[in-house]
$ cat start.cif   # mmCIF, C-alpha atoms
data_structure
loop_
_atom_site.label_atom_id
_atom_site.label_comp_id
_atom_site.auth_asym_id
_atom_site.auth_seq_id
_atom_site.Cartn_x
_atom_site.Cartn_y
_atom_site.Cartn_z
CA GLY A 30 0.94 0.75 18.07
CA ASN A 31 3.32 0.99 15.16
CA SER A 32 3.05 4.04 12.94
CA VAL A 33 4.75 5.88 10.09
CA THR A 34 4.86 9.64 9.54
CA GLN A 35 5.88 11.21 6.24
CA MET A 36 6.55 14.80 5.31
CA GLU A 37 3.45 16.49 4.02
CA GLY A 38 3.15 17.16 0.36
CA PRO A 39 2.70 17.99 -2.30
CA VAL A 40 6.33 18.44 -3.25
CA THR A 41 7.13 20.19 -6.51
CA LEU A 42 10.65 20.27 -7.94
CA SER A 43 12.36 21.08 -11.19
CA GLU A 44 14.01 18.38 -13.24
CA GLU A 45 17.54 17.46 -12.01
CA ALA A 46 16.87 18.82 -8.52
CA PHE A 47 17.84 16.90 -5.38
CA LEU A 48 14.97 15.10 -3.65
CA THR A 49 14.44 14.27 0.00
CA ILE A 50 11.18 12.89 1.36
CA ASN A 51 11.28 12.48 5.12
CA CYS A 52 9.91 9.42 6.89
CA THR A 53 9.99 8.61 10.61
CA TYR A 54 8.51 5.65 12.38
CA THR A 55 7.40 4.37 15.74
CA ALA A 56 7.69 0.65 16.31
CA THR A 57 8.35 -2.00 18.88
CA GLY A 58 10.98 -4.51 17.97
CA TYR A 59 12.95 -4.34 14.74
CA PRO A 60 10.68 -3.81 11.74
CA SER A 61 11.68 -3.84 8.11
CA LEU A 62 11.18 -0.54 6.29
CA PHE A 63 9.95 0.08 2.76
CA TRP A 64 9.30 2.74 0.17
CA TYR A 65 6.48 2.10 -2.28
CA VAL A 66 5.65 4.24 -5.32
CA GLN A 67 2.28 4.80 -6.98
CA TYR A 68 2.30 6.19 -10.51
CA PRO A 69 -0.87 7.92 -11.75
CA GLY A 70 -3.79 5.55 -12.17
CA GLU A 71 -1.88 2.52 -10.92
CA GLY A 72 -1.47 0.42 -7.81
CA LEU A 73 1.58 0.57 -5.60
CA GLN A 74 4.89 -1.09 -6.36
CA LEU A 75 7.89 -1.68 -4.15
CA LEU A 76 10.69 0.83 -4.75
CA LEU A 77 13.23 -0.24 -2.13
CA LYS A 78 13.53 -1.78 1.30
CA ALA A 79 15.87 -2.25 4.27
CA THR A 80 15.57 -5.02 6.80
CA LYS A 81 17.91 -3.96 9.61
CA ALA A 82 19.60 -0.92 11.11
CA ASP A 83 22.17 0.84 8.89
CA ASP A 84 21.03 -1.06 5.80
CA LYS A 85 20.72 1.07 2.68
CA GLY A 86 18.05 0.23 0.15
CA SER A 87 18.48 1.50 -3.40
CA ASN A 88 16.70 1.26 -6.74
CA LYS A 89 16.32 3.44 -9.86
CA GLY A 90 18.65 6.09 -8.38
CA PHE A 91 16.65 6.34 -5.15
CA GLU A 92 18.24 5.53 -1.79
CA ALA A 93 17.13 5.28 1.83
CA THR A 94 19.09 4.30 4.95
CA TYR A 95 17.54 2.61 7.97
CA ARG A 96 18.52 4.85 10.91
CA LYS A 97 17.54 3.23 14.18
CA GLU A 98 18.95 6.04 16.34
CA THR A 99 16.69 8.61 14.70
CA THR A 100 13.90 6.14 13.75
CA SER A 101 14.04 7.44 10.20
CA PHE A 102 14.09 6.14 6.63
CA HIS A 103 14.33 9.22 4.42
CA LEU A 104 14.09 8.79 0.65
CA GLU A 105 16.66 10.60 -1.50
CA LYS A 106 17.52 10.98 -5.16
CA GLY A 107 20.32 13.09 -6.53
CA SER A 108 18.69 14.19 -9.79
CA VAL A 109 14.98 13.74 -10.35
CA GLN A 110 13.24 13.30 -13.68
CA VAL A 111 9.75 14.14 -14.87
CA SER A 112 9.02 10.40 -14.88
CA ASP A 113 9.56 10.32 -11.10
CA SER A 114 6.30 12.19 -10.61
CA ALA A 115 4.20 9.92 -8.40
CA VAL A 116 2.97 9.37 -4.86
CA TYR A 117 5.55 7.86 -2.51
CA PHE A 118 4.63 5.81 0.56
CA CYS A 119 6.87 4.87 3.45
CA ALA A 120 5.90 1.68 5.27
CA LEU A 121 7.03 -0.69 7.99
CA SER A 122 6.36 -4.34 8.51
CA ASP A 123 4.23 -5.22 11.47
CA TRP A 124 4.55 -8.94 11.09
CA GLY A 125 3.34 -9.54 14.59
CA ALA A 126 0.03 -8.47 13.11
CA GLN A 127 1.01 -9.79 9.66
CA LYS A 128 0.55 -6.54 7.81
CA LEU A 129 2.32 -3.43 6.52
CA VAL A 130 1.69 -0.06 8.12
CA PHE A 131 1.78 2.81 5.61
CA GLY A 132 2.43 6.50 5.95
CA GLN A 133 0.00 8.96 4.44
CA GLY A 134 1.89 9.31 1.17
CA THR A 135 3.75 12.26 -0.40
CA ARG A 136 2.79 13.48 -3.85
CA LEU A 137 5.82 14.47 -5.92
CA THR A 138 5.58 16.52 -9.10
CA ILE A 139 8.63 17.17 -11.26
CA ASN A 140 8.44 20.01 -13.75
CA PRO A 141 10.58 20.02 -16.91
CA ASP B 18 2.12 -12.57 -17.00
CA GLY B 19 1.60 -13.08 -13.29
CA GLY B 20 -0.18 -10.43 -11.33
CA ILE B 21 -3.27 -9.18 -9.59
CA THR B 22 -6.42 -8.25 -11.45
CA GLN B 23 -9.03 -6.02 -9.90
CA SER B 24 -12.42 -5.31 -11.40
CA PRO B 25 -14.23 -3.17 -12.10
CA LYS B 26 -11.83 -0.23 -12.39
CA TYR B 27 -14.64 2.28 -11.83
CA LEU B 28 -17.92 1.64 -10.07
CA PHE B 29 -20.86 3.84 -9.18
CA ARG B 30 -23.33 2.87 -6.51
CA LYS B 31 -26.47 4.33 -5.10
CA GLU B 32 -26.77 4.74 -1.36
CA GLY B 33 -28.14 1.65 0.33
CA GLN B 34 -26.75 -0.80 -2.21
CA ASN B 35 -24.14 -3.45 -1.60
CA VAL B 36 -21.35 -3.78 -4.14
CA THR B 37 -18.66 -6.44 -4.60
CA LEU B 38 -15.15 -5.72 -5.84
CA SER B 39 -13.28 -8.56 -7.46
CA CYS B 40 -9.62 -9.45 -6.85
CA GLU B 41 -7.88 -12.35 -8.57
CA GLN B 42 -4.19 -13.30 -8.41
CA ASN B 43 -2.17 -15.86 -10.35
CA LEU B 44 1.03 -15.47 -8.34
CA ASN B 45 0.32 -18.54 -6.20
CA HIS B 46 0.50 -16.33 -3.11
CA ASP B 47 -1.04 -17.49 0.14
CA ALA B 48 -1.76 -14.06 1.63
CA MET B 49 -4.13 -11.43 0.27
CA TYR B 50 -5.14 -7.99 1.51
CA TRP B 51 -7.64 -5.21 0.92
CA TYR B 52 -6.65 -1.61 1.53
CA ARG B 53 -8.62 1.58 1.26
CA GLN B 54 -6.93 4.75 0.01
CA ASP B 55 -8.27 8.21 0.74
CA PRO B 56 -6.52 11.48 -0.12
CA GLY B 57 -4.02 12.47 2.56
CA GLN B 58 -4.63 9.36 4.64
CA GLY B 59 -2.43 6.78 3.03
CA LEU B 60 -3.55 3.18 2.94
CA ARG B 61 -5.69 1.64 5.64
CA LEU B 62 -6.12 -2.10 5.98
CA ILE B 63 -9.67 -3.43 5.70
CA TYR B 64 -9.25 -7.22 5.77
CA TYR B 65 -6.51 -9.72 5.17
CA SER B 66 -6.28 -13.45 4.64
CA GLN B 67 -3.26 -15.66 5.23
CA ILE B 68 -4.85 -18.86 3.98
CA VAL B 69 -7.92 -20.16 2.21
CA ASN B 70 -11.11 -20.15 4.29
CA ASP B 71 -9.59 -17.83 6.89
CA PHE B 72 -9.43 -14.03 7.16
CA GLN B 73 -8.94 -11.34 9.78
CA LYS B 74 -10.24 -7.85 10.28
CA GLY B 75 -7.89 -4.99 9.67
CA ASP B 76 -8.10 -1.49 11.08
CA ILE B 77 -11.32 -0.39 9.34
CA ALA B 78 -13.39 -3.54 8.75
CA GLU B 79 -16.77 -2.11 9.77
CA GLY B 80 -19.19 -2.05 6.84
CA TYR B 81 -17.12 -4.48 4.76
CA SER B 82 -17.11 -8.25 4.28
CA VAL B 83 -14.82 -10.69 2.48
CA SER B 84 -14.55 -14.34 1.57
CA ARG B 85 -11.60 -16.57 0.69
CA GLU B 86 -13.02 -19.72 -0.84
CA LYS B 87 -10.19 -20.09 -3.35
CA LYS B 88 -6.50 -19.28 -3.09
CA GLU B 89 -6.68 -17.07 -6.18
CA SER B 90 -9.68 -14.98 -5.19
CA PHE B 91 -10.43 -12.51 -2.40
CA PRO B 92 -13.59 -10.48 -3.18
CA LEU B 93 -14.57 -7.50 -1.04
CA THR B 94 -18.19 -6.51 -0.46
CA VAL B 95 -18.90 -2.92 0.51
CA THR B 96 -22.19 -3.05 2.35
CA SER B 97 -24.79 -0.37 2.91
CA ALA B 98 -23.54 -0.19 6.51
CA GLN B 99 -20.32 1.48 5.35
CA LYS B 100 -20.99 5.14 6.07
CA ASN B 101 -18.48 6.69 3.69
CA PRO B 102 -17.68 4.17 0.97
CA THR B 103 -16.46 6.53 -1.75
CA ALA B 104 -12.75 5.70 -2.04
CA PHE B 105 -10.04 3.96 -4.02
CA TYR B 106 -9.73 0.28 -3.09
CA LEU B 107 -6.52 -1.65 -3.54
CA CYS B 108 -6.06 -5.41 -3.40
CA ALA B 109 -2.64 -6.89 -2.71
CA SER B 110 -0.98 -10.24 -2.17
CA SER B 111 2.20 -11.58 -0.64
CA ILE B 112 3.95 -14.92 -0.49
CA GLY B 113 2.68 -15.68 3.02
CA ASP B 114 3.19 -19.05 4.62
CA GLY B 115 5.76 -17.55 7.01
CA ARG B 116 8.08 -16.58 4.14
CA ASP B 117 7.04 -12.98 3.72
CA THR B 118 9.72 -10.37 3.15
CA GLY B 119 7.34 -7.44 3.35
CA GLU B 120 6.83 -7.06 -0.39
CA LEU B 121 3.23 -6.66 -1.40
CA PHE B 122 2.07 -6.96 -4.98
CA PHE B 123 -0.79 -4.61 -5.78
CA GLY B 124 -3.56 -4.54 -8.32
CA GLU B 125 -4.41 -1.35 -10.19
CA GLY B 126 -7.29 -0.52 -7.89
CA SER B 127 -11.03 0.00 -8.07
CA ARG B 128 -12.53 3.45 -7.64
CA LEU B 129 -15.94 3.35 -5.98
CA THR B 130 -18.20 6.39 -6.04
CA VAL B 131 -21.47 6.52 -4.13
CA LEU B 132 -24.03 8.79 -5.74
#
$ encode --input "start.cif" --output "structure tokens"
Amino acid sequence: GNSVTQMEGPVTLSEEAFLTINCTYTATGYPSLFWYVQYPGEGLQLLLKATKADDKGSNKGFEATYRKETTSFHLEKGSVQVSDSAVYFCALSDWGAQKLVFGQGTRLTINP
Amino acid sequence: DGGITQSPKYLFRKEGQNVTLSCEQNLNHDAMYWYRQDPGQGLRLIYYSQIVNDFQKGDIAEGYSVSREKKESFPLTVTSAQKNPTAFYLCASSIGDGRDTGELFFGEGSRLTVL
């Protein structure tokens, strides 16, 4: 079945550091890919998405490129802020089964 | 403001008791979902519903039940048959009706603790 694997956390960085959170997937067909973010005490919200190979999703300074050849969708940000501290989830659409499949989440902490 | 409201935010239950978590949405979405979140395991799908009066089991439906009598409401009952119910439960919705883009809208969650 379809699955998503994220780099294990927690990840701790200093403010203004460069961020990469790795995400790889296994899927049949051509899924859409997503990054969701969960701030402390809240539900998840969509951060960015890409619907086909080579698409780049971007939002709030974060970017991720849909790489079909490496089955990856790594999240990057050039200069993180304390307010970026959250849990980040990579996900793919399994619309054959009408649901999203989530990775295990990566907790990110940014220190001032 | 449109959104998803979950209640209660925190709930304590004794072993052997059933408990029902509420989820209401005013986004006029057709599809609704229940996920369970455990540390280090991401989100796992419990049940989902694409339309009123219809729902399907997700990956971990055992010990849970749902109903979808109204478009706006999708309550989840955690029964005494659920062996490890302590978790954070998230309700979500999406447009549905074949128009989904993959974006789910989440509530703020309900944390259930079994004493």
$ atom_distance --input "start.cif" --atom1 "CA of Thr49 (chain A)" --atom2 "CA of Lys81 (chain A)"
20.9 Å
$ closest_atom_pairs --input "start.cif" --of "chain A" --to "chain B" --cutoff "6 Å" --atoms "only C-alpha atoms" --output "JSON lines"
{"residue": "A:Glu71", "atom": "CA", "partner": "B:Glu125", "partner_atom": "CA", "distance": 4.7}
{"residue": "A:Gly72", "atom": "CA", "partner": "B:Glu125", "partner_atom": "CA", "distance": 4.2}
{"residue": "A:Leu73", "atom": "CA", "partner": "B:Phe123", "partner_atom": "CA", "distance": 5.7}
{"residue": "A:Phe131", "atom": "CA", "partner": "B:Leu60", "partner_atom": "CA", "distance": 6.0}
{"residue": "A:Gly132", "atom": "CA", "partner": "B:Gly59", "partner_atom": "CA", "distance": 5.7}
{"residue": "A:Gln133", "atom": "CA", "partner": "B:Gly59", "partner_atom": "CA", "distance": 3.6}
{"residue": "A:Gly134", "atom": "CA", "partner": "B:Gly59", "partner_atom": "CA", "distance": 5.3}
$ residues_near_point --input "start.cif" --point "(-10.1, 0.2, 11.2)" --cutoff "12 Å" --atoms "all atoms listed in the file" --output "list in words"
Trp51, Tyr52, Arg53, Leu60, Arg61, Leu62, Ile63, Tyr64, Gln73, Lys74, Gly75, Asp76, Ile77, Ala78, Glu79, Gly80, Tyr81 and Gln99 of chain B
$ residues_around --input "start.cif" --residues "Asn45 (chain B)" --least-positions-apart "6" --cutoff "9 Å" --atoms "all atoms listed in the file" --output "PyMOL selection string"
chain B and resi 88-89+112
$ resolve_selection --input "start.cif" --expression "the PyMOL selection byres ((chain A and resi 87-104) around 6)" --output "JSON, numbers by chain"
{"A": [49, 50, 51, 52, 53, 54, 77, 82, 83, 84, 85, 86, 105, 106]}
$ closest_residue --input "start.cif" --among "B:Asn35, B:Gln23, B:Thr130, B:Asn70" --to "Val95 (chain B)" --atoms "all atoms listed in the file"
B:Asn35
$ atom_distance --input "start.cif" --atom1 "CA of Ser110 (chain B)" --atom2 "CA of Val130 (chain A)"
14.7 Å
$ resolve_selection --input "start.cif" --expression "the PyMOL selection byres ((chain A and resi 61) around 6)" --output "PyMOL selection string"
chain A and resi 60+62+79-80+121-122
$ atom_distance --input "start.cif" --atom1 "CA of Pro25 (chain B)" --atom2 "CA of Leu75 (chain A)"
23.6 Å
$ residues_near_point --input "start.cif" --point "(17.4, 11.3, -8.9)" --cutoff "7 Å" --atoms "all atoms listed in the file" --output "list in words"
Glu45, Phe47, Leu48, Gly90, Phe91, Lys106, Gly107, Ser108, Val109 and Gln110 of chain A
$ resolve_selection --input "start.cif" --expression "the PyMOL selection byres ((chain B and resi 87) around 10)" --output "PyMOL selection string"
chain B and resi 41+68-70+84-86+88-91
$ decode --input "start.cif" --residues "region 33-138 of chain A" --atoms "C-alpha atoms" --output "short mmCIF file (atom, residue, chain, number, x, y, z; two decimals), in the first residue's frame"
data_model
loop_
_atom_site.label_atom_id
_atom_site.label_comp_id
_atom_site.auth_asym_id
_atom_site.auth_seq_id
_atom_site.Cartn_x
_atom_site.Cartn_y
_atom_site.Cartn_z
CA VAL A 33 5.16 8.03 3.67
CA THR A 34 8.43 8.05 5.59
CA GLN A 35 9.83 11.16 7.26
CA MET A 36 13.16 11.80 8.89
CA GLU A 37 13.05 11.08 12.58
CA GLY A 38 13.00 13.95 14.98
CA PRO A 39 13.16 15.86 17.05
CA VAL A 40 15.09 18.46 15.10
CA THR A 41 16.55 21.40 16.99
CA LEU A 42 18.04 24.41 15.20
CA SER A 43 19.08 27.93 15.99
CA GLU A 44 17.19 30.88 14.59
CA GLU A 45 18.17 31.76 10.98
CA ALA A 46 19.53 28.28 10.31
CA PHE A 47 18.72 26.37 7.11
CA LEU A 48 16.07 23.68 7.49
CA THR A 49 15.59 20.42 5.64
CA ILE A 50 13.07 17.78 6.67
CA ASN A 51 13.26 14.70 4.49
CA CYS A 52 10.19 12.91 3.18
CA THR A 53 10.03 9.91 0.85
CA TYR A 54 6.99 8.05 -0.34
CA THR A 55 5.81 4.79 -1.84
CA ALA A 56 2.76 4.97 -4.05
CA THR A 57 1.08 3.48 -7.06
CA GLY A 58 -0.04 5.93 -9.65
CA TYR A 59 0.57 9.66 -9.35
CA PRO A 60 -0.41 10.97 -5.93
CA SER A 61 -0.48 14.57 -4.82
CA LEU A 62 1.94 15.42 -2.01
CA PHE A 63 1.44 17.70 0.97
CA TRP A 64 3.13 19.20 4.00
CA TYR A 65 0.94 19.92 7.00
CA VAL A 66 2.03 21.79 10.14
CA GLN A 67 0.74 21.40 13.70
CA TYR A 68 1.49 24.22 16.12
CA PRO A 69 1.39 23.41 19.85
CA GLY A 70 -2.09 22.60 21.10
CA GLU A 71 -3.70 22.92 17.69
CA GLY A 72 -4.94 20.78 14.84
CA LEU A 73 -3.10 20.44 11.56
CA GLN A 74 -3.15 23.00 8.78
CA LEU A 75 -2.00 22.74 5.20
CA LEU A 76 1.41 24.34 4.63
CA LEU A 77 1.99 23.57 0.95
CA LYS A 78 1.25 21.02 -1.73
CA ALA A 79 2.32 19.76 -5.17
CA THR A 80 0.09 17.83 -7.51
CA LYS A 81 2.47 16.50 -10.17
CA ALA A 82 6.13 15.68 -10.77
CA ASP A 83 8.55 18.64 -10.70
CA ASP A 84 5.93 20.94 -9.16
CA LYS A 85 7.24 23.14 -6.35
CA GLY A 86 4.92 24.03 -3.51
CA SER A 87 5.75 27.10 -1.43
CA ASN A 88 4.27 29.05 1.47
CA LYS A 89 5.59 31.21 4.33
CA GLY A 90 9.18 30.79 3.10
CA PHE A 91 8.93 26.99 3.02
CA GLU A 92 9.41 25.06 -0.22
CA ALA A 93 9.17 21.46 -1.38
CA THR A 94 9.64 19.95 -4.85
CA TYR A 95 7.86 16.82 -6.04
CA ARG A 96 10.68 14.52 -7.23
CA LYS A 97 9.25 11.46 -8.94
CA GLU A 98 12.66 9.97 -9.78
CA THR A 99 13.66 9.86 -6.12
CA THR A 100 10.08 9.57 -4.74
CA SER A 101 10.80 12.49 -2.43
CA PHE A 102 9.19 15.72 -1.23
CA HIS A 103 11.70 17.29 1.14
CA LEU A 104 10.70 20.43 3.04
CA GLU A 105 13.17 23.33 3.10
CA LYS A 106 13.41 26.82 4.52
CA GLY A 107 16.34 29.13 4.16
CA SER A 108 16.13 30.92 7.51
CA VAL A 109 13.96 29.55 10.28
CA GLN A 110 12.31 31.55 13.05
CA VAL A 111 11.29 30.65 16.58
CA SER A 112 7.67 30.80 15.40
CA ASP A 113 8.36 27.87 13.04
CA SER A 114 8.59 25.54 16.02
CA ALA A 115 5.92 22.89 15.37
CA VAL A 116 5.37 19.34 14.21
CA TYR A 117 5.54 18.87 10.43
CA PHE A 118 3.74 16.06 8.59
CA CYS A 119 4.34 14.89 5.07
CA ALA A 120 1.33 13.28 3.37
CA LEU A 121 0.14 11.86 0.07
CA SER A 122 -3.29 11.57 -1.38
CA ASP A 123 -4.64 8.09 -1.74
CA TRP A 124 -7.81 9.09 -3.50
CA GLY A 125 -8.41 5.57 -4.68
CA ALA A 126 -9.19 4.99 -1.03
CA GLN A 127 -10.38 8.59 -0.58
CA LYS A 128 -7.99 9.50 2.19
CA LEU A 129 -4.62 11.08 2.99
CA VAL A 130 -1.73 8.94 4.17
CA PHE A 131 0.49 10.73 6.71
CA GLY A 132 4.07 10.28 7.75
CA GLN A 133 4.92 9.98 11.42
CA GLY A 134 5.64 13.68 11.88
CA THR A 135 8.87 15.56 12.68
CA ARG A 136 9.03 17.83 15.71
CA LEU A 137 11.01 21.01 15.01
CA THR A 138 12.26 23.31 17.75
#
